[in-house]
>>> print(open('my_file_10.pdb').read())   # PDB, N, CA and C atoms
ATOM      1  N   MET A   1    -134.500 -73.890-125.256
ATOM      2  CA  MET A   1    -134.214 -72.547-125.753
ATOM      3  C   MET A   1    -133.036 -71.934-124.983
ATOM      4  N   GLN A   2    -133.118 -71.953-123.643
ATOM      5  CA  GLN A   2    -132.056 -71.378-122.811
ATOM      6  C   GLN A   2    -130.729 -72.091-123.068
ATOM      7  N   HIS A   3    -130.778 -73.410-123.184
ATOM      8  CA  HIS A   3    -129.559 -74.185-123.425
ATOM      9  C   HIS A   3    -128.957 -73.834-124.786
ATOM     10  N   GLU A   4    -129.801 -73.676-125.798
ATOM     11  CA  GLU A   4    -129.327 -73.305-127.138
ATOM     12  C   GLU A   4    -128.657 -71.939-127.105
ATOM     13  N   LEU A   5    -129.273 -71.001-126.379
ATOM     14  CA  LEU A   5    -128.715 -69.656-126.269
ATOM     15  C   LEU A   5    -127.360 -69.696-125.571
ATOM     16  N   GLN A   6    -127.251 -70.473-124.512
ATOM     17  CA  GLN A   6    -125.970 -70.576-123.805
ATOM     18  C   GLN A   6    -124.897 -71.169-124.716
ATOM     19  N   HIS A   7    -125.266 -72.178-125.489
ATOM     20  CA  HIS A   7    -124.311 -72.794-126.409
ATOM     21  C   HIS A   7    -123.861 -71.780-127.473
ATOM     22  N   GLU A   8    -124.806 -71.044-128.008
ATOM     23  CA  GLU A   8    -124.501 -70.020-129.016
ATOM     24  C   GLU A   8    -123.578 -68.949-128.430
ATOM     25  N   LEU A   9    -123.866 -68.530-127.206
ATOM     26  CA  LEU A   9    -123.041 -67.514-126.541
ATOM     27  C   LEU A   9    -121.634 -68.017-126.274
ATOM     28  N   GLN A  10    -121.520 -69.274-125.851
ATOM     29  CA  GLN A  10    -120.187 -69.819-125.579
ATOM     30  C   GLN A  10    -119.327 -69.743-126.824
ATOM     31  N   HIS A  11    -119.920 -69.989-127.963
ATOM     32  CA  HIS A  11    -119.176 -69.930-129.217
ATOM     33  C   HIS A  11    -118.896 -68.474-129.618
ATOM     34  N   GLU A  12    -119.928 -67.648-129.574
ATOM     35  CA  GLU A  12    -119.843 -66.265-130.035
ATOM     36  C   GLU A  12    -118.946 -65.393-129.157
ATOM     37  N   LEU A  13    -119.018 -65.577-127.853
ATOM     38  CA  LEU A  13    -118.275 -64.727-126.915
ATOM     39  C   LEU A  13    -117.208 -65.518-126.169
ATOM     40  N   GLN A  14    -116.598 -66.451-126.852
ATOM     41  CA  GLN A  14    -115.612 -67.340-126.238
ATOM     42  C   GLN A  14    -114.466 -66.567-125.584
ATOM     43  N   HIS A  15    -113.941 -65.560-126.265
ATOM     44  CA  HIS A  15    -112.821 -64.781-125.718
ATOM     45  C   HIS A  15    -113.229 -64.078-124.419
ATOM     46  N   GLU A  16    -114.414 -63.419-124.437
ATOM     47  CA  GLU A  16    -114.874 -62.712-123.245
ATOM     48  C   GLU A  16    -115.101 -63.685-122.086
ATOM     49  N   LEU A  17    -115.691 -64.836-122.394
ATOM     50  CA  LEU A  17    -115.940 -65.828-121.340
ATOM     51  C   LEU A  17    -114.640 -66.318-120.723
ATOM     52  N   GLN A  18    -113.647 -66.622-121.545
ATOM     53  CA  GLN A  18    -112.369 -67.098-121.013
ATOM     54  C   GLN A  18    -111.705 -66.035-120.140
ATOM     55  N   SER A  19    -111.754 -64.785-120.581
ATOM     56  CA  SER A  19    -111.179 -63.696-119.787
ATOM     57  C   SER A  19    -111.882 -63.574-118.445
ATOM     58  N   GLU A  20    -113.220 -63.645-118.469
ATOM     59  CA  GLU A  20    -114.008 -63.479-117.251
ATOM     60  C   GLU A  20    -113.801 -64.625-116.269
ATOM     61  N   LEU A  21    -113.628 -65.825-116.786
ATOM     62  CA  LEU A  21    -113.430 -66.973-115.902
ATOM     63  C   LEU A  21    -112.081 -66.902-115.198
ATOM     64  N   GLN A  22    -111.089 -66.293-115.846
ATOM     65  CA  GLN A  22    -109.765 -66.155-115.229
ATOM     66  C   GLN A  22    -109.765 -65.038-114.189
ATOM     67  N   ASN A  23    -110.403 -63.928-114.531
ATOM     68  CA  ASN A  23    -110.407 -62.780-113.642
ATOM     69  C   ASN A  23    -111.548 -61.859-114.051
ATOM     70  N   GLU A  24    -112.536 -61.705-113.174
ATOM     71  CA  GLU A  24    -113.695 -60.881-113.525
ATOM     72  C   GLU A  24    -113.260 -59.461-113.868
ATOM     73  N   THR A  25    -113.708 -58.980-115.008
ATOM     74  CA  THR A  25    -113.334 -57.652-115.484
ATOM     75  C   THR A  25    -114.503 -56.683-115.341
ATOM     76  N   LEU A  26    -114.263 -55.458-115.759
ATOM     77  CA  LEU A  26    -115.279 -54.421-115.737
ATOM     78  C   LEU A  26    -116.488 -54.830-116.587
ATOM     79  N   TYR A  27    -116.254 -55.620-117.608
ATOM     80  CA  TYR A  27    -117.302 -56.110-118.507
ATOM     81  C   TYR A  27    -118.383 -56.855-117.716
ATOM     82  N   THR A  28    -117.976 -57.849-116.938
ATOM     83  CA  THR A  28    -118.932 -58.635-116.159
ATOM     84  C   THR A  28    -119.409 -57.872-114.935
ATOM     85  N   ARG A  29    -118.541 -57.121-114.296
ATOM     86  CA  ARG A  29    -118.958 -56.338-113.125
ATOM     87  C   ARG A  29    -120.080 -55.373-113.512
ATOM     88  N   THR A  30    -119.949 -54.737-114.670
ATOM     89  CA  THR A  30    -120.974 -53.809-115.144
ATOM     90  C   THR A  30    -122.273 -54.549-115.434
ATOM     91  N   LEU A  31    -122.165 -55.688-116.063
ATOM     92  CA  LEU A  31    -123.350 -56.491-116.379
ATOM     93  C   LEU A  31    -124.073 -56.931-115.103
ATOM     94  N   ARG A  32    -123.307 -57.314-114.088
ATOM     95  CA  ARG A  32    -123.911 -57.725-112.806
ATOM     96  C   ARG A  32    -124.670 -56.559-112.157
ATOM     97  N   ILE A  33    -124.141 -55.354-112.304
ATOM     98  CA  ILE A  33    -124.767 -54.176-111.698
ATOM     99  C   ILE A  33    -126.142 -53.914-112.309
ATOM    100  N   ILE A  34    -126.278 -54.108-113.618
ATOM    101  CA  ILE A  34    -127.569 -53.844-114.257
ATOM    102  C   ILE A  34    -128.459 -55.089-114.316
ATOM    103  N   GLU A  35    -127.976 -56.185-113.739
ATOM    104  CA  GLU A  35    -128.749 -57.435-113.782
ATOM    105  C   GLU A  35    -130.089 -57.296-113.062
ATOM    106  N   SER A  36    -130.117 -56.651-111.914
ATOM    107  CA  SER A  36    -131.353 -56.594-111.132
ATOM    108  C   SER A  36    -132.269 -55.439-111.524
ATOM    109  N   ASN A  37    -131.696 -54.322-111.989
ATOM    110  CA  ASN A  37    -132.551 -53.224-112.446
ATOM    111  C   ASN A  37    -131.761 -52.264-113.343
ATOM    112  N   PRO A  38    -132.456 -51.636-114.300
ATOM    113  CA  PRO A  38    -131.803 -50.690-115.218
ATOM    114  C   PRO A  38    -131.244 -49.489-114.455
ATOM    115  N   LEU A  39    -130.104 -49.002-114.936
ATOM    116  CA  LEU A  39    -129.466 -47.844-114.302
ATOM    117  C   LEU A  39    -128.855 -46.923-115.354
ATOM    118  N   PRO A  40    -128.793 -45.618-115.048
ATOM    119  CA  PRO A  40    -128.073 -44.698-115.926
ATOM    120  C   PRO A  40    -126.562 -44.845-115.711
ATOM    121  N   THR A  41    -125.798 -44.334-116.639
ATOM    122  CA  THR A  41    -124.336 -44.456-116.584
ATOM    123  C   THR A  41    -123.760 -43.951-115.264
ATOM    124  N   LYS A  42    -124.241 -42.801-114.798
ATOM    125  CA  LYS A  42    -123.668 -42.231-113.558
ATOM    126  C   LYS A  42    -123.879 -43.153-112.353
ATOM    127  N   ASP A  43    -125.015 -43.853-112.302
ATOM    128  CA  ASP A  43    -125.271 -44.774-111.198
ATOM    129  C   ASP A  43    -124.423 -46.047-111.317
ATOM    130  N   ILE A  44    -124.223 -46.514-112.540
ATOM    131  CA  ILE A  44    -123.340 -47.672-112.755
ATOM    132  C   ILE A  44    -121.943 -47.313-112.275
ATOM    133  N   SER A  45    -121.492 -46.126-112.652
ATOM    134  CA  SER A  45    -120.180 -45.641-112.251
ATOM    135  C   SER A  45    -120.059 -45.574-110.729
ATOM    136  N   ALA A  46    -121.090 -45.079-110.062
ATOM    137  CA  ALA A  46    -121.086 -44.984-108.594
ATOM    138  C   ALA A  46    -121.032 -46.375-107.959
ATOM    139  N   HIS A  47    -121.770 -47.335-108.514
ATOM    140  CA  HIS A  47    -121.741 -48.718-108.005
ATOM    141  C   HIS A  47    -120.343 -49.323-108.127
ATOM    142  N   LEU A  48    -119.601 -48.871-109.121
ATOM    143  CA  LEU A  48    -118.242 -49.371-109.328
ATOM    144  C   LEU A  48    -117.225 -48.631-108.445
ATOM    145  N   GLY A  49    -117.699 -47.634-107.696
ATOM    146  CA  GLY A  49    -116.819 -46.877-106.817
ATOM    147  C   GLY A  49    -116.049 -45.777-107.524
ATOM    148  N   GLN A  50    -116.500 -45.403-108.711
ATOM    149  CA  GLN A  50    -115.834 -44.332-109.466
ATOM    150  C   GLN A  50    -116.437 -42.985-109.077
ATOM    151  N   LYS A  51    -115.590 -41.985-108.962
ATOM    152  CA  LYS A  51    -116.063 -40.641-108.640
ATOM    153  C   LYS A  51    -116.669 -39.966-109.874
ATOM    154  N   THR A  52    -116.140 -40.287-111.042
ATOM    155  CA  THR A  52    -116.670 -39.766-112.301
ATOM    156  C   THR A  52    -116.801 -40.930-113.285
ATOM    157  N   ILE A  53    -117.520 -40.683-114.370
ATOM    158  CA  ILE A  53    -117.701 -41.726-115.389
ATOM    159  C   ILE A  53    -116.406 -41.835-116.190
ATOM    160  N   SER A  54    -115.777 -42.993-116.132
ATOM    161  CA  SER A  54    -114.500 -43.184-116.813
ATOM    162  C   SER A  54    -114.700 -43.503-118.290
ATOM    163  N   GLY A  55    -113.672 -43.206-119.067
ATOM    164  CA  GLY A  55    -113.663 -43.567-120.482
ATOM    165  C   GLY A  55    -113.738 -45.071-120.648
ATOM    166  N   GLN A  56    -113.116 -45.801-119.727
ATOM    167  CA  GLN A  56    -113.135 -47.258-119.776
ATOM    168  C   GLN A  56    -114.567 -47.787-119.597
ATOM    169  N   LEU A  57    -115.320 -47.187-118.682
ATOM    170  CA  LEU A  57    -116.709 -47.605-118.484
ATOM    171  C   LEU A  57    -117.524 -47.338-119.747
ATOM    172  N   LYS A  58    -117.303 -46.195-120.375
ATOM    173  CA  LYS A  58    -118.023 -45.881-121.613
ATOM    174  C   LYS A  58    -117.718 -46.923-122.693
ATOM    175  N   LYS A  59    -116.458 -47.348-122.784
ATOM    176  CA  LYS A  59    -116.068 -48.375-123.760
ATOM    177  C   LYS A  59    -116.743 -49.711-123.449
ATOM    178  N   VAL A  60    -116.770 -50.070-122.167
ATOM    179  CA  VAL A  60    -117.384 -51.339-121.749
ATOM    180  C   VAL A  60    -118.884 -51.321-122.040
ATOM    181  N   LEU A  61    -119.543 -50.217-121.744
ATOM    182  CA  LEU A  61    -120.977 -50.119-122.020
ATOM    183  C   LEU A  61    -121.251 -50.231-123.520
ATOM    184  N   ALA A  62    -120.414 -49.598-124.331
ATOM    185  CA  ALA A  62    -120.568 -49.691-125.789
ATOM    186  C   ALA A  62    -120.376 -51.135-126.252
ATOM    187  N   LYS A  63    -119.409 -51.843-125.657
ATOM    188  CA  LYS A  63    -119.162 -53.238-126.019
ATOM    189  C   LYS A  63    -120.328 -54.129-125.583
ATOM    190  N   LEU A  64    -120.857 -53.902-124.395
ATOM    191  CA  LEU A  64    -122.014 -54.677-123.931
ATOM    192  C   LEU A  64    -123.207 -54.475-124.871
ATOM    193  N   LEU A  65    -123.392 -53.235-125.340
ATOM    194  CA  LEU A  65    -124.466 -52.960-126.298
ATOM    195  C   LEU A  65    -124.214 -53.683-127.617
ATOM    196  N   SER A  66    -122.995 -53.571-128.132
ATOM    197  CA  SER A  66    -122.695 -54.192-129.431
ATOM    198  C   SER A  66    -122.712 -55.716-129.360
ATOM    199  N   ASP A  67    -122.377 -56.280-128.202
ATOM    200  CA  ASP A  67    -122.418 -57.735-128.031
ATOM    201  C   ASP A  67    -123.843 -58.236-127.764
ATOM    202  N   GLY A  68    -124.774 -57.303-127.547
ATOM    203  CA  GLY A  68    -126.160 -57.683-127.313
ATOM    204  C   GLY A  68    -126.449 -58.161-125.899
ATOM    205  N   LEU A  69    -125.538 -57.865-124.959
ATOM    206  CA  LEU A  69    -125.742 -58.300-123.572
ATOM    207  C   LEU A  69    -126.480 -57.248-122.755
ATOM    208  N   ALA A  70    -126.484 -56.012-123.254
ATOM    209  CA  ALA A  70    -127.197 -54.916-122.608
ATOM    210  C   ALA A  70    -127.898 -54.114-123.698
ATOM    211  N   GLU A  71    -128.910 -53.369-123.275
ATOM    212  CA  GLU A  71    -129.611 -52.498-124.212
ATOM    213  C   GLU A  71    -130.087 -51.258-123.488
ATOM    214  N   TRP A  72    -130.438 -50.247-124.253
ATOM    215  CA  TRP A  72    -130.953 -49.018-123.678
ATOM    216  C   TRP A  72    -132.428 -49.171-123.345
ATOM    217  N   THR A  73    -132.862 -48.488-122.297
ATOM    218  CA  THR A  73    -134.276 -48.484-121.960
ATOM    219  C   THR A  73    -135.056 -47.552-122.889
ATOM    220  N   GLU A  74    -134.359 -46.585-123.477
ATOM    221  CA  GLU A  74    -134.975 -45.622-124.408
ATOM    222  C   GLU A  74    -134.198 -45.648-125.728
ATOM    223  N   PRO A  75    -134.269 -46.751-126.481
ATOM    224  CA  PRO A  75    -133.426 -46.882-127.682
ATOM    225  C   PRO A  75    -133.672 -45.813-128.739
ATOM    226  N   GLU A  76    -134.881 -45.264-128.776
ATOM    227  CA  GLU A  76    -135.188 -44.258-129.788
ATOM    228  C   GLU A  76    -134.651 -42.874-129.441
ATOM    229  N   ILE A  77    -134.191 -42.695-128.201
ATOM    230  CA  ILE A  77    -133.677 -41.390-127.763
ATOM    231  C   ILE A  77    -132.282 -41.583-127.164
ATOM    232  N   ALA A  78    -131.293 -41.731-128.019
ATOM    233  CA  ALA A  78    -129.935 -42.061-127.565
ATOM    234  C   ALA A  78    -129.349 -41.033-126.601
ATOM    235  N   THR A  79    -129.723 -39.779-126.730
ATOM    236  CA  THR A  79    -129.127 -38.748-125.877
ATOM    237  C   THR A  79    -130.023 -38.338-124.709
ATOM    238  N   SER A  80    -131.072 -39.090-124.461
ATOM    239  CA  SER A  80    -132.003 -38.761-123.383
ATOM    240  C   SER A  80    -131.299 -38.803-122.023
ATOM    241  N   SER A  81    -131.625 -37.835-121.178
ATOM    242  CA  SER A  81    -131.049 -37.828-119.825
ATOM    243  C   SER A  81    -131.646 -38.961-118.990
ATOM    244  N   LYS A  82    -132.756 -39.513-119.456
ATOM    245  CA  LYS A  82    -133.398 -40.623-118.759
ATOM    246  C   LYS A  82    -132.857 -41.977-119.220
ATOM    247  N   GLN A  83    -131.908 -41.942-120.142
ATOM    248  CA  GLN A  83    -131.362 -43.171-120.720
ATOM    249  C   GLN A  83    -130.756 -44.066-119.641
ATOM    250  N   GLN A  84    -131.128 -45.331-119.681
ATOM    251  CA  GLN A  84    -130.581 -46.302-118.743
ATOM    252  C   GLN A  84    -130.169 -47.549-119.510
ATOM    253  N   TYR A  85    -129.318 -48.325-118.884
ATOM    254  CA  TYR A  85    -128.883 -49.597-119.461
ATOM    255  C   TYR A  85    -129.584 -50.720-118.719
ATOM    256  N   LYS A  86    -130.039 -51.724-119.483
ATOM    257  CA  LYS A  86    -130.643 -52.898-118.861
ATOM    258  C   LYS A  86    -130.061 -54.146-119.498
ATOM    259  N   ILE A  87    -130.076 -55.213-118.735
ATOM    260  CA  ILE A  87    -129.531 -56.481-119.211
ATOM    261  C   ILE A  87    -130.524 -57.121-120.180
ATOM    262  N   THR A  88    -130.018 -57.877-121.140
ATOM    263  CA  THR A  88    -130.859 -58.598-122.090
ATOM    264  C   THR A  88    -130.906 -60.076-121.693
ATOM    265  N   VAL A  89    -131.753 -60.833-122.377
ATOM    266  CA  VAL A  89    -131.818 -62.280-122.151
ATOM    267  C   VAL A  89    -130.442 -62.889-122.425
ATOM    268  N   LYS A  90    -129.791 -62.388-123.449
ATOM    269  CA  LYS A  90    -128.449 -62.857-123.805
ATOM    270  C   LYS A  90    -127.456 -62.538-122.670
ATOM    271  N   GLY A  91    -127.601 -61.369-122.064
ATOM    272  CA  GLY A  91    -126.743 -60.985-120.948
ATOM    273  C   GLY A  91    -126.932 -61.877-119.735
ATOM    274  N   ILE A  92    -128.188 -62.228-119.463
ATOM    275  CA  ILE A  92    -128.480 -63.133-118.345
ATOM    276  C   ILE A  92    -127.862 -64.501-118.610
ATOM    277  N   ALA A  93    -127.983 -64.976-119.853
ATOM    278  CA  ALA A  93    -127.389 -66.270-120.216
ATOM    279  C   ALA A  93    -125.868 -66.225-120.051
ATOM    280  N   PHE A  94    -125.244 -65.114-120.431
ATOM    281  CA  PHE A  94    -123.793 -64.937-120.282
ATOM    282  C   PHE A  94    -123.394 -65.068-118.806
ATOM    283  N   LEU A  95    -124.109 -64.372-117.928
ATOM    284  CA  LEU A  95    -123.802 -64.456-116.491
ATOM    285  C   LEU A  95    -124.041 -65.866-115.961
ATOM    286  N   ASN A  96    -125.077 -66.528-116.446
ATOM    287  CA  ASN A  96    -125.349 -67.902-116.011
ATOM    288  C   ASN A  96    -124.235 -68.857-116.424
ATOM    289  N   ILE A  97    -123.680 -68.640-117.602
ATOM    290  CA  ILE A  97    -122.548 -69.470-118.057
ATOM    291  C   ILE A  97    -121.365 -69.274-117.109
ATOM    292  N   ILE A  98    -121.072 -68.040-116.795
ATOM    293  CA  ILE A  98    -119.949 -67.739-115.896
ATOM    294  C   ILE A  98    -120.192 -68.364-114.520
ATOM    295  N   ARG A  99    -121.394 -68.223-114.008
ATOM    296  CA  ARG A  99    -121.718 -68.801-112.693
ATOM    297  C   ARG A  99    -121.550 -70.331-112.722
ATOM    298  N   SER A 100    -122.038 -70.974-113.778
ATOM    299  CA  SER A 100    -121.968 -72.431-113.851
ATOM    300  C   SER A 100    -120.526 -72.923-114.002
ATOM    301  N   LYS A 101    -119.673 -72.168-114.677
ATOM    302  CA  LYS A 101    -118.273 -72.569-114.866
ATOM    303  C   LYS A 101    -117.456 -72.375-113.590
ATOM    304  N   LYS A 102    -117.889 -71.459-112.724
ATOM    305  CA  LYS A 102    -117.152 -71.169-111.497
ATOM    306  C   LYS A 102    -117.501 -72.125-110.372
ATOM    307  N   GLU A 103    -118.588 -72.862-110.539
ATOM    308  CA  GLU A 103    -119.028 -73.780-109.472
ATOM    309  C   GLU A 103    -118.213 -75.040-109.447
TER
END
>>> encode(input="my_file_10.pdb", output="structure tokens")
Amino acid sequence: MQHELQHELQHELQHELQSELQNETLYTRTLRIIESNPLPTKDISAHLGQKTISGQLKKVLAKLLSDGLAEWTEPEIATSSKQQYKITVKGIAFLNIIRSKKE
């Protein structure tokens, strides 16, 4: 199952994987931050060393959601102040692909 998912991801997110293998971007850095535990946007921003939430971070979070690598902890309440981002199984597989290619 895990191997099939990794193969599917390599095909589906080929452009993102190639970019990340050349130079880790905000896309993967953000995913790594939420890998161990869900966080709200402001905490993700702080982990990245940003003083405020950047427009670029908002775009990356939206892309991670649309790519299925991250999801909301409260999907039914999009504007909740308790809203946090968490990594998905697909997101973990994406990071594992990157780790295996870098070794």
>>> atom_distance(input="my_file_10.pdb", atom1="CA of Ile53 in chain A", atom2="CA of Ile98 in chain A")
26.1 Å
>>> residues_around(input="my_file_10.pdb", residues="Ile87 in chain A", least_positions_apart="6", cutoff="5 Å", atoms="all atoms listed in the file", output="PyMOL selection string")
chain A and resi 34+69-70
>>> select_by_dssp(input="my_file_10.pdb", residues="range 58-89 of chain A", states="strand (DSSP E or B)", output="list in words")
Ala70, Glu71, Trp72, Tyr85, Lys86 and Ile87 of chain A
>>> resolve_selection(input="my_file_10.pdb", expression="the PyMOL selection byres ((chain A and resi 37-44) around 8)", output="list of chain:residue names")
A:Thr30, A:Arg32, A:Ile33, A:Ile34, A:Glu35, A:Ser36, A:Ser45, A:Ala46, A:His47, A:Leu48, A:Gly49, A:Gln50, A:Thr52, A:Ile53, A:Thr73, A:Ser81, A:Lys82, A:Gln83, A:Gln84, A:Tyr85, A:Lys86, A:Ile87
>>> atom_distance(input="my_file_10.pdb", atom1="CA of Val89 in chain A", atom2="atom N of Glu71 in chain A")
9.4 Å
>>> atom_distance(input="my_file_10.pdb", atom1="CA of Ser54 in chain A", atom2="atom N of Trp72 in chain A")
19.0 Å
>>> select_by_dssp(input="my_file_10.pdb", residues="range 9-96 of chain A", states="helix (DSSP H, G or I)", output="PyMOL selection string")
chain A and resi 9-12+14-22+26-33+41-47+55-66+89-96
>>> axis_aligned_box(input="my_file_10.pdb", around="range 49-59 of chain A", padding_each_side="5 Å", output="JSON")
{"center_x": -115.6, "center_y": -44.7, "center_z": -115.3, "size_x": 14.9, "size_y": 19.9, "size_z": 26.9}
